[in-house]
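upload-v4.cif, holding mmCIF, C-alpha atoms, pLDDT in the B column; chains and numbers go by the auth columns:
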data_query
#
loop_
_atom_site.group_PDB
_atom_site.id
_atom_site.type_symbol
_atom_site.label_atom_id
_atom_site.label_comp_id
_atom_site.label_asym_id
_atom_site.label_seq_id
_atom_site.Cartn_x
_atom_site.Cartn_y
_atom_site.Cartn_z
_atom_site.B_iso_or_equiv
_atom_site.auth_seq_id
_atom_site.auth_asym_id
ATOM 1 C CA MET A 1 -11.387 -10.054 23.864 34.00 1 A
ATOM 2 C CA ALA A 2 -13.943 -7.282 23.814 38.00 2 A
ATOM 3 C CA ASP A 3 -17.500 -7.979 22.724 42.00 3 A
ATOM 4 C CA TYR A 4 -16.733 -6.277 19.397 53.00 4 A
ATOM 5 C CA ASN A 5 -16.405 -8.948 16.720 71.00 5 A
ATOM 6 C CA ASP A 6 -13.258 -8.116 14.761 83.00 6 A
ATOM 7 C CA GLU A 7 -13.001 -11.375 12.826 90.00 7 A
ATOM 8 C CA TYR A 8 -14.681 -12.124 9.538 94.00 8 A
ATOM 9 C CA LEU A 9 -14.615 -14.722 6.775 97.00 9 A
ATOM 10 C CA THR A 10 -13.770 -13.916 3.181 98.00 10 A
ATOM 11 C CA ILE A 11 -12.117 -15.658 0.236 98.00 11 A
ATOM 12 C CA SER A 12 -8.346 -15.663 -0.280 98.00 12 A
ATOM 13 C CA LYS A 13 -8.366 -15.066 -4.042 98.00 13 A
ATOM 14 C CA PRO A 14 -10.774 -14.925 -7.007 98.00 14 A
ATOM 15 C CA SER A 15 -12.624 -18.129 -7.899 98.00 15 A
ATOM 16 C CA GLU A 16 -15.061 -19.263 -10.573 98.00 16 A
ATOM 17 C CA GLY A 17 -18.108 -21.470 -10.958 98.00 17 A
ATOM 18 C CA LEU A 18 -20.281 -22.637 -13.861 98.00 18 A
ATOM 19 C CA PHE A 19 -23.886 -23.800 -14.129 98.00 19 A
ATOM 20 C CA LYS A 20 -25.732 -24.830 -17.298 98.00 20 A
ATOM 21 C CA ASP A 21 -29.458 -25.272 -17.802 97.00 21 A
ATOM 22 C CA ARG A 22 -31.354 -25.800 -21.090 96.00 22 A
ATOM 23 C CA GLY A 23 -28.708 -24.082 -23.192 96.00 23 A
ATOM 24 C CA SER A 24 -28.163 -21.117 -20.851 97.00 24 A
ATOM 25 C CA LYS A 25 -24.700 -20.778 -19.331 98.00 25 A
ATOM 26 C CA PHE A 26 -24.171 -19.056 -16.001 98.00 26 A
ATOM 27 C CA LEU A 27 -20.544 -18.051 -15.345 98.00 27 A
ATOM 28 C CA ALA A 28 -19.924 -17.111 -11.715 98.00 28 A
ATOM 29 C CA PHE A 29 -16.947 -15.050 -10.540 98.00 29 A
ATOM 30 C CA ALA A 30 -16.191 -14.426 -6.858 98.00 30 A
ATOM 31 C CA PHE A 31 -13.666 -11.764 -5.784 98.00 31 A
ATOM 32 C CA PRO A 32 -12.295 -10.660 -2.417 98.00 32 A
ATOM 33 C CA VAL A 33 -12.917 -6.886 -2.247 97.00 33 A
ATOM 34 C CA SER A 34 -12.629 -4.105 0.309 92.00 34 A
ATOM 35 C CA SER A 35 -14.450 -1.129 -1.236 94.00 35 A
ATOM 36 C CA GLU A 36 -17.232 -0.154 -3.625 96.00 36 A
ATOM 37 C CA GLU A 37 -14.621 1.563 -5.857 96.00 37 A
ATOM 38 C CA GLU A 38 -12.807 -1.762 -6.230 97.00 38 A
ATOM 39 C CA ILE A 39 -16.121 -3.471 -7.065 98.00 39 A
ATOM 40 C CA LYS A 40 -16.849 -0.951 -9.847 98.00 40 A
ATOM 41 C CA VAL A 41 -13.436 -1.574 -11.450 98.00 41 A
ATOM 42 C CA ILE A 42 -13.949 -5.364 -11.439 98.00 42 A
ATOM 43 C CA GLN A 43 -17.464 -5.030 -12.883 98.00 43 A
ATOM 44 C CA GLU A 44 -16.162 -2.785 -15.651 98.00 44 A
ATOM 45 C CA GLN A 45 -13.473 -5.336 -16.532 98.00 45 A
ATOM 46 C CA LEU A 46 -16.030 -8.168 -16.646 98.00 46 A
ATOM 47 C CA ARG A 47 -18.435 -6.124 -18.796 98.00 47 A
ATOM 48 C CA ASN A 48 -15.634 -5.461 -21.270 98.00 48 A
ATOM 49 C CA LYS A 49 -14.503 -9.085 -21.346 98.00 49 A
ATOM 50 C CA TYR A 50 -18.010 -10.600 -21.556 98.00 50 A
ATOM 51 C CA HIS A 51 -19.659 -7.759 -23.485 97.00 51 A
ATOM 52 C CA ASP A 52 -21.759 -10.193 -25.525 97.00 52 A
ATOM 53 C CA ALA A 53 -23.535 -11.667 -22.473 97.00 53 A
ATOM 54 C CA ARG A 54 -27.132 -10.695 -21.831 93.00 54 A
ATOM 55 C CA HIS A 55 -27.018 -10.300 -18.043 97.00 55 A
ATOM 56 C CA HIS A 56 -24.339 -9.376 -15.506 98.00 56 A
ATOM 57 C CA CYS A 57 -26.085 -10.010 -12.170 98.00 57 A
ATOM 58 C CA PHE A 58 -24.251 -9.497 -8.918 98.00 58 A
ATOM 59 C CA ALA A 59 -24.274 -9.204 -5.158 98.00 59 A
ATOM 60 C CA TYR A 60 -21.692 -7.961 -2.709 98.00 60 A
ATOM 61 C CA MET A 61 -21.170 -7.645 1.020 98.00 61 A
ATOM 62 C CA LEU A 62 -18.680 -5.310 2.712 95.00 62 A
ATOM 63 C CA GLY A 63 -17.435 -4.781 6.258 90.00 63 A
ATOM 64 C CA PRO A 64 -17.235 -7.120 9.267 86.00 64 A
ATOM 65 C CA GLU A 65 -20.664 -5.927 10.447 87.00 65 A
ATOM 66 C CA LYS A 66 -22.082 -6.830 6.992 93.00 66 A
ATOM 67 C CA LYS A 67 -24.074 -3.601 6.875 92.00 67 A
ATOM 68 C CA VAL A 68 -23.038 -2.645 3.332 96.00 68 A
ATOM 69 C CA TYR A 69 -24.508 -4.967 0.730 98.00 69 A
ATOM 70 C CA ARG A 70 -26.291 -4.858 -2.589 98.00 70 A
ATOM 71 C CA ALA A 71 -27.983 -7.276 -4.981 98.00 71 A
ATOM 72 C CA ASN A 72 -28.733 -6.502 -8.636 98.00 72 A
ATOM 73 C CA ASP A 73 -30.811 -8.498 -11.151 98.00 73 A
ATOM 74 C CA ASP A 74 -29.498 -6.638 -14.244 98.00 74 A
ATOM 75 C CA GLY A 75 -32.670 -7.094 -16.254 97.00 75 A
ATOM 76 C CA GLU A 76 -33.671 -10.531 -14.991 97.00 76 A
ATOM 77 C CA PRO A 77 -37.133 -10.777 -13.329 97.00 77 A
ATOM 78 C CA SER A 78 -37.124 -9.113 -9.907 97.00 78 A
ATOM 79 C CA SER A 79 -35.355 -11.080 -7.136 97.00 79 A
ATOM 80 C CA THR A 80 -34.428 -14.036 -9.385 98.00 80 A
ATOM 81 C CA ALA A 81 -30.698 -13.283 -9.630 98.00 81 A
ATOM 82 C CA GLY A 82 -29.161 -10.783 -7.194 98.00 82 A
ATOM 83 C CA LYS A 83 -31.008 -12.094 -4.136 98.00 83 A
ATOM 84 C CA PRO A 84 -30.073 -15.767 -4.675 98.00 84 A
ATOM 85 C CA ILE A 85 -26.423 -14.704 -5.151 98.00 85 A
ATOM 86 C CA LEU A 86 -26.538 -12.623 -1.943 98.00 86 A
ATOM 87 C CA GLY A 87 -28.201 -15.577 -0.224 98.00 87 A
ATOM 88 C CA GLN A 88 -25.130 -17.709 -0.956 98.00 88 A
ATOM 89 C CA ILE A 89 -22.794 -15.022 0.431 98.00 89 A
ATOM 90 C CA ARG A 90 -24.902 -15.050 3.599 98.00 90 A
ATOM 91 C CA SER A 91 -25.136 -18.828 3.873 98.00 91 A
ATOM 92 C CA PHE A 92 -21.326 -19.092 3.644 98.00 92 A
ATOM 93 C CA ASN A 93 -21.159 -16.257 6.247 97.00 93 A
ATOM 94 C CA LEU A 94 -18.775 -14.207 4.072 98.00 94 A
ATOM 95 C CA THR A 95 -18.062 -10.508 3.710 97.00 95 A
ATOM 96 C CA ASN A 96 -15.695 -8.297 1.696 97.00 96 A
ATOM 97 C CA ILE A 97 -16.777 -10.289 -1.323 98.00 97 A
ATOM 98 C CA LEU A 98 -18.293 -9.650 -4.747 98.00 98 A
ATOM 99 C CA ILE A 99 -19.972 -12.346 -6.840 98.00 99 A
ATOM 100 C CA VAL A 100 -20.917 -11.631 -10.449 98.00 100 A
ATOM 101 C CA VAL A 101 -22.916 -14.211 -12.398 98.00 101 A
ATOM 102 C CA ILE A 102 -22.875 -13.663 -16.155 98.00 102 A
ATOM 103 C CA ARG A 103 -25.616 -15.319 -18.196 98.00 103 A
ATOM 104 C CA TYR A 104 -25.475 -16.384 -21.798 98.00 104 A
ATOM 105 C CA PHE A 105 -29.064 -17.028 -22.863 95.00 105 A
ATOM 106 C CA GLY A 106 -29.655 -20.385 -24.511 94.00 106 A
ATOM 107 C CA GLY A 107 -32.983 -19.689 -26.180 93.00 107 A
ATOM 108 C CA THR A 108 -35.227 -21.422 -23.638 95.00 108 A
ATOM 109 C CA LYS A 109 -36.798 -19.458 -20.783 95.00 109 A
ATOM 110 C CA LEU A 110 -36.127 -21.045 -17.417 97.00 110 A
ATOM 111 C CA GLY A 111 -38.979 -19.474 -15.447 97.00 111 A
ATOM 112 C CA VAL A 112 -38.664 -17.821 -12.043 97.00 112 A
ATOM 113 C CA GLY A 113 -37.815 -21.026 -10.162 98.00 113 A
ATOM 114 C CA GLY A 114 -35.280 -22.058 -12.798 98.00 114 A
ATOM 115 C CA LEU A 115 -33.555 -18.683 -12.701 98.00 115 A
ATOM 116 C CA ILE A 116 -33.364 -18.590 -8.901 98.00 116 A
ATOM 117 C CA ASN A 117 -31.862 -22.089 -8.901 98.00 117 A
ATOM 118 C CA ALA A 118 -29.391 -21.226 -11.687 98.00 118 A
ATOM 119 C CA TYR A 119 -28.040 -18.052 -10.062 98.00 119 A
ATOM 120 C CA LYS A 120 -27.932 -19.660 -6.615 98.00 120 A
ATOM 121 C CA THR A 121 -26.106 -22.770 -7.896 98.00 121 A
ATOM 122 C CA ALA A 122 -23.607 -20.813 -10.020 98.00 122 A
ATOM 123 C CA ALA A 123 -22.732 -18.589 -7.023 98.00 123 A
ATOM 124 C CA GLU A 124 -22.476 -21.656 -4.783 98.00 124 A
ATOM 125 C CA GLU A 125 -20.112 -23.330 -7.275 98.00 125 A
ATOM 126 C CA ALA A 126 -17.795 -20.299 -7.225 98.00 126 A
ATOM 127 C CA LEU A 127 -17.746 -20.364 -3.411 98.00 127 A
ATOM 128 C CA ASN A 128 -17.195 -24.127 -3.275 98.00 128 A
ATOM 129 C CA ASN A 129 -14.130 -23.577 -5.471 98.00 129 A
ATOM 130 C CA ALA A 130 -12.838 -20.728 -3.274 98.00 130 A
ATOM 131 C CA LYS A 131 -10.511 -20.908 -0.306 98.00 131 A
ATOM 132 C CA ILE A 132 -12.318 -19.340 2.660 98.00 132 A
ATOM 133 C CA ILE A 133 -10.076 -17.603 5.186 98.00 133 A
ATOM 134 C CA LYS A 134 -10.579 -15.854 8.514 95.00 134 A
ATOM 135 C CA LYS A 135 -9.307 -12.282 8.715 93.00 135 A
ATOM 136 C CA THR A 136 -8.944 -9.960 11.670 91.00 136 A
ATOM 137 C CA LEU A 137 -9.769 -6.299 11.520 87.00 137 A
ATOM 138 C CA HIS A 138 -7.016 -3.912 12.636 91.00 138 A
ATOM 139 C CA ASP A 139 -6.912 -0.200 13.337 94.00 139 A
ATOM 140 C CA ILE A 140 -3.690 1.426 12.167 96.00 140 A
ATOM 141 C CA TYR A 141 -2.216 4.110 14.414 97.00 141 A
ATOM 142 C CA GLU A 142 0.863 6.258 14.120 97.00 142 A
ATOM 143 C CA LEU A 143 2.705 7.065 17.336 97.00 143 A
ATOM 144 C CA LYS A 144 4.918 10.159 17.425 96.00 144 A
ATOM 145 C CA PHE A 145 7.276 10.706 20.329 95.00 145 A
ATOM 146 C CA ASP A 146 10.708 11.915 21.418 93.00 146 A
ATOM 147 C CA TYR A 147 13.623 9.557 21.753 90.00 147 A
ATOM 148 C CA PRO A 148 13.508 9.343 25.587 91.00 148 A
ATOM 149 C CA GLN A 149 10.024 7.799 25.410 93.00 149 A
ATOM 150 C CA MET A 150 11.243 4.951 23.223 93.00 150 A
ATOM 151 C CA ASN A 151 11.866 2.373 25.972 94.00 151 A
ATOM 152 C CA GLU A 152 8.453 2.782 27.533 96.00 152 A
ATOM 153 C CA ILE A 153 6.703 2.487 24.167 96.00 153 A
ATOM 154 C CA MET A 154 8.702 -0.583 23.200 95.00 154 A
ATOM 155 C CA ARG A 155 7.864 -2.186 26.544 97.00 155 A
ATOM 156 C CA ILE A 156 4.102 -1.730 25.961 97.00 156 A
ATOM 157 C CA MET A 157 4.458 -3.086 22.418 97.00 157 A
ATOM 158 C CA LYS A 158 6.229 -6.177 23.707 96.00 158 A
ATOM 159 C CA GLU A 159 3.739 -6.721 26.545 96.00 159 A
ATOM 160 C CA GLU A 160 0.791 -6.513 24.176 95.00 160 A
ATOM 161 C CA ASN A 161 2.497 -8.337 21.287 95.00 161 A
ATOM 162 C CA ILE A 162 1.655 -5.481 18.897 96.00 162 A
ATOM 163 C CA GLU A 163 2.344 -5.744 15.191 93.00 163 A
ATOM 164 C CA GLN A 164 4.641 -2.973 13.941 95.00 164 A
ATOM 165 C CA ILE A 165 4.231 -1.852 10.326 95.00 165 A
ATOM 166 C CA ASP A 166 6.707 0.994 9.984 95.00 166 A
ATOM 167 C CA GLN A 167 9.177 3.057 12.013 95.00 167 A
ATOM 168 C CA HIS A 168 11.290 6.202 11.697 93.00 168 A
ATOM 169 C CA PHE A 169 13.813 7.072 14.384 89.00 169 A
ATOM 170 C CA GLU A 170 15.212 10.559 13.977 84.00 170 A
ATOM 171 C CA LEU A 171 14.955 13.576 16.289 81.00 171 A
ATOM 172 C CA THR A 172 11.281 12.851 16.518 89.00 172 A
ATOM 173 C CA CYS A 173 10.440 9.180 16.322 95.00 173 A
ATOM 174 C CA SER A 174 7.388 7.605 14.780 96.00 174 A
ATOM 175 C CA ILE A 175 6.098 4.052 14.768 96.00 175 A
ATOM 176 C CA THR A 176 3.092 2.786 12.826 97.00 176 A
ATOM 177 C CA LEU A 177 1.181 -0.018 14.527 96.00 177 A
ATOM 178 C CA ALA A 178 -1.654 -2.384 13.671 95.00 178 A
ATOM 179 C CA LEU A 179 -3.889 -2.863 16.682 95.00 179 A
ATOM 180 C CA ARG A 180 -6.487 -5.580 16.721 93.00 180 A
ATOM 181 C CA LYS A 181 -9.853 -3.823 16.674 90.00 181 A
ATOM 182 C CA ALA A 182 -11.191 -5.600 19.751 89.00 182 A
ATOM 183 C CA GLU A 183 -8.158 -4.570 21.828 93.00 183 A
ATOM 184 C CA VAL A 184 -7.749 -0.956 20.688 95.00 184 A
ATOM 185 C CA ASP A 185 -9.240 0.707 23.789 95.00 185 A
ATOM 186 C CA LYS A 186 -7.200 -1.386 26.208 95.00 186 A
ATOM 187 C CA ILE A 187 -3.919 -0.750 24.364 96.00 187 A
ATOM 188 C CA LEU A 188 -4.493 2.964 23.748 96.00 188 A
ATOM 189 C CA SER A 189 -5.187 3.501 27.441 96.00 189 A
ATOM 190 C CA LYS A 190 -1.681 2.164 28.172 96.00 190 A
ATOM 191 C CA PHE A 191 -0.115 4.471 25.591 96.00 191 A
ATOM 192 C CA ASP A 192 -2.088 7.399 27.019 94.00 192 A
ATOM 193 C CA ARG A 193 0.082 7.224 30.139 94.00 193 A
ATOM 194 C CA VAL A 194 3.244 7.966 28.151 94.00 194 A
ATOM 195 C CA GLU A 195 4.121 11.669 28.345 92.00 195 A
ATOM 196 C CA LYS A 196 4.468 13.744 25.149 92.00 196 A
ATOM 197 C CA LEU A 197 3.210 10.907 22.988 96.00 197 A
ATOM 198 C CA LYS A 198 0.990 11.821 20.033 96.00 198 A
ATOM 199 C CA ILE A 199 -1.316 9.096 18.735 97.00 199 A
ATOM 200 C CA GLU A 200 -2.961 9.477 15.347 96.00 200 A
ATOM 201 C CA PHE A 201 -5.525 7.127 13.826 97.00 201 A
ATOM 202 C CA VAL A 202 -4.638 6.284 10.204 95.00 202 A
ATOM 203 C CA GLU A 203 -7.174 3.729 8.911 90.00 203 A
ATOM 204 C CA THR A 204 -8.973 0.452 9.552 86.00 204 A
ATOM 205 C CA ARG A 205 -8.023 -2.506 7.418 82.00 205 A
#
What does this structure look like when you write it as structure tokens?
Amino acid sequence: MADYNDEYLTISKPSEGLFKDRGSKFLAFAFPVSSEEEIKVIQEQLRNKYHDARHHCFAYMLGPEKKVYRANDDGEPSSTAGKPILGQIRSFNLTNILIVVIRYFGGTKLGVGGLINAYKTAAEEALNNAKIIKKTLHDIYELKFDYPQMNEIMRIMKEENIEQIDQHFELTCSITLALRKAEVDKILSKFDRVEKLKIEFVETR
């Protein structure tokens, strides 16, 4: 394994949590996500479904390095909602996740401490109800080559136990592979020795 960390924790499917305090209801929804576009779609759906709620506070974290994240209080006093939600994402060590906590106001103000506790606990409930899974990051590459190179390429794939996603064998052959991020350099250097082989990076997922 290289020193690059290509494993991360996320949740397997959406989950929910609920916290009540002095008449206010806090509905928490956690979603596995992979992009900010996906997050916007989910938020739009929740706003439509719970359009009568006063606050839709959220936090998300994206990417195995956890460099892309955001917390939003949606009208609650500063740092009483988004930050406690993000804090739960961090304490569970998760990424590629969105948590939205929707508040129905019950008529009694909870104060700063009460709000922080409510948003934190609602987010925690959603995560306690979720199944946490470990995922591995892969780089997808397409290999293009002529038929005579086939045996050599297949040998490397077998040696390195590489996951094959797609293949087309015609006059020019192509194979699409998923390479574990931490092992990409080592594996590509082996493929580099194959003559007339074109390697194209497709995406990371």
Per-residue nearest contacts of stretch 30-143 of chain A to stretch 159-173 of chain A (9 Å; all atoms listed in the file) as a Markdown table:
| residue | atom | partner | partner_atom | distance |
| --- | --- | --- | --- | --- |
| A:Ile140 | CA | A:Ile165 | CA | 8.8 |
| A:Glu142 | CA | A:Asp166 | CA | 8.9 |
| A:Leu143 | CA | A:Cys173 | CA | 8.1 |
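Relative to atom CA of A:Phe191, atom CA of A:Ile156 is found at 7.5 Å.
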*Find the spatial neighbours of A:Asn96, counting only C-alpha atoms, within a cut-off of 7 Å - ignore same-chain residues fewer than 5 positions away - and output them as a list in words.*
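Contacts, with the query itself left out: Thr10, Pro32, Val33, Ser34, Met61, Leu62 and Gly63 of chain A.
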*Decode the PyMOL selection byres ((chain A and resi 183) around 12) for the given file into explicit residues and return them as a count of residues only.*
25
_Given the PyMOL selection byres ((chain A and resi 145) around 9) and the file above, list the residues it selects as a list in words._
Leu143, Lys144, Asp146, Tyr147, Pro148, Gln149, Met150, Thr172, Cys173, Ser174, Ile175, Glu195, Lys196, Leu197, Lys198 and Ile199 of chain A
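For the set A:Val101, A:Ala53, A:Ile116, A:Leu177, the residue with the smallest atom-to-atom gap to A:Pro84 is A:Ile116, counting all atoms listed in the file.
When the PyMOL selection byres ((chain A and resi 39) around 12) is run on the displayed coordinates, the residues it returns are A:Ala30, A:Phe31, A:Pro32, A:Val33, A:Ser34, A:Ser35, A:Glu36, A:Glu37, A:Glu38, A:Lys40, A:Val41, A:Ile42, A:Gln43, A:Glu44, A:Gln45, A:Leu46, A:Phe58, A:Ala59, A:Tyr60, A:Met61, A:Leu62, A:Tyr69, A:Arg70, A:Asn96, A:Ile97, A:Leu98, A:Ile99, A:Val100.
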*atom CA of A:Gly107 and atom CA of A:Lys25, how far apart in Å?*
10.8 Å
*To one decimal place, how far is atom CA of A:Tyr8 from atom CA of A:Glu65 in Å?*
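Distance reported for this atom pair: 8.7 Å.
Counting only C-alpha atoms, the residue from A:Lys49, A:Arg90, A:Lys134, A:Arg54 that sits nearest to A:Glu7 is A:Lys134.
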*Would you mind telling me which residue in A:His51, A:Lys20, A:Lys13, A:Arg205 lies nearest to A:Lys135 when using only C-alpha atoms?*
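Of A:His51, A:Lys20, A:Lys13, A:Arg205, the one nearest A:Lys135, counting only C-alpha atoms, is A:Arg205.
Minimum atom-to-atom distances from A:Met154, A:Leu110, A:Ile89, A:Ala28 to A:Tyr50 were compared using only C-alpha atoms, and the lowest value belongs to A:Ala28.
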What would stretch 152-181 of chain A look like with N, CA and C atoms in place, written as a compact mmCIF listing (two decimals), in the coordinates of the input?
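File written: result.txt
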# COMPACT_ATOMS: atom_id res chain seq x y z
N GLU A 152 9.78 3.03 26.97
CA GLU A 152 8.45 2.78 27.53
C GLU A 152 7.49 2.28 26.45
N ILE A 153 7.59 2.89 25.26
CA ILE A 153 6.70 2.49 24.17
C ILE A 153 7.02 1.07 23.72
N MET A 154 8.29 0.76 23.60
CA MET A 154 8.70 -0.58 23.20
C MET A 154 8.25 -1.64 24.23
N ARG A 155 8.28 -1.25 25.48
CA ARG A 155 7.86 -2.19 26.54
C ARG A 155 6.38 -2.54 26.38
N ILE A 156 5.55 -1.50 26.14
CA ILE A 156 4.10 -1.73 25.96
C ILE A 156 3.87 -2.61 24.72
N MET A 157 4.62 -2.31 23.65
CA MET A 157 4.46 -3.09 22.42
C MET A 157 4.79 -4.56 22.65
N LYS A 158 5.83 -4.80 23.44
CA LYS A 158 6.23 -6.18 23.71
C LYS A 158 5.20 -6.87 24.59
N GLU A 159 4.75 -6.17 25.62
CA GLU A 159 3.74 -6.72 26.54
C GLU A 159 2.48 -7.14 25.79
N GLU A 160 2.07 -6.29 24.87
CA GLU A 160 0.79 -6.51 24.18
C GLU A 160 0.97 -7.25 22.85
N ASN A 161 2.22 -7.60 22.53
CA ASN A 161 2.50 -8.34 21.29
C ASN A 161 1.91 -7.62 20.07
N ILE A 162 2.26 -6.33 19.94
CA ILE A 162 1.66 -5.48 18.90
C ILE A 162 2.45 -5.58 17.60
N GLU A 163 1.71 -5.66 16.51
CA GLU A 163 2.34 -5.74 15.19
C GLU A 163 2.80 -4.35 14.74
N GLN A 164 4.09 -4.25 14.40
CA GLN A 164 4.64 -2.97 13.94
C GLN A 164 4.73 -2.98 12.42
N ILE A 165 4.25 -1.91 11.79
CA ILE A 165 4.23 -1.85 10.33
C ILE A 165 5.39 -1.01 9.79
N ASP A 166 5.71 0.06 10.50
CA ASP A 166 6.71 0.99 9.98
C ASP A 166 7.35 1.73 11.15
N GLN A 167 8.55 2.24 10.95
CA GLN A 167 9.18 3.06 12.01
C GLN A 167 10.17 4.04 11.41
N HIS A 168 10.30 5.19 12.06
CA HIS A 168 11.29 6.20 11.70
C HIS A 168 11.87 6.75 12.99
N PHE A 169 13.17 6.56 13.18
CA PHE A 169 13.81 7.07 14.38
C PHE A 169 14.78 8.18 14.01
N GLU A 170 14.34 9.41 14.19
CA GLU A 170 15.21 10.56 13.98
C GLU A 170 15.13 11.41 15.24
N LEU A 171 15.11 12.74 15.10
CA LEU A 171 14.96 13.58 16.29
C LEU A 171 13.59 13.32 16.93
N THR A 172 12.59 13.31 16.06
CA THR A 172 11.28 12.85 16.52
C THR A 172 11.08 11.47 15.94
N CYS A 173 10.61 10.56 16.77
CA CYS A 173 10.44 9.18 16.32
C CYS A 173 8.98 8.93 15.97
N SER A 174 8.77 8.02 15.04
CA SER A 174 7.39 7.60 14.78
C SER A 174 7.35 6.11 14.49
N ILE A 175 6.31 5.48 15.00
CA ILE A 175 6.10 4.05 14.77
C ILE A 175 4.65 3.89 14.30
N THR A 176 4.45 3.09 13.27
CA THR A 176 3.09 2.79 12.83
C THR A 176 2.74 1.37 13.27
N LEU A 177 1.58 1.25 13.92
CA LEU A 177 1.18 -0.02 14.53
C LEU A 177 -0.16 -0.49 13.99
N ALA A 178 -0.34 -1.80 13.96
CA ALA A 178 -1.65 -2.38 13.67
C ALA A 178 -2.19 -2.95 14.97
N LEU A 179 -3.29 -2.40 15.43
CA LEU A 179 -3.89 -2.86 16.68
C LEU A 179 -5.16 -3.63 16.37
N ARG A 180 -5.27 -4.80 16.94
CA ARG A 180 -6.49 -5.58 16.72
C ARG A 180 -7.68 -4.79 17.25
N LYS A 181 -8.72 -4.71 16.40
CA LYS A 181 -9.85 -3.82 16.67
C LYS A 181 -10.43 -4.04 18.08
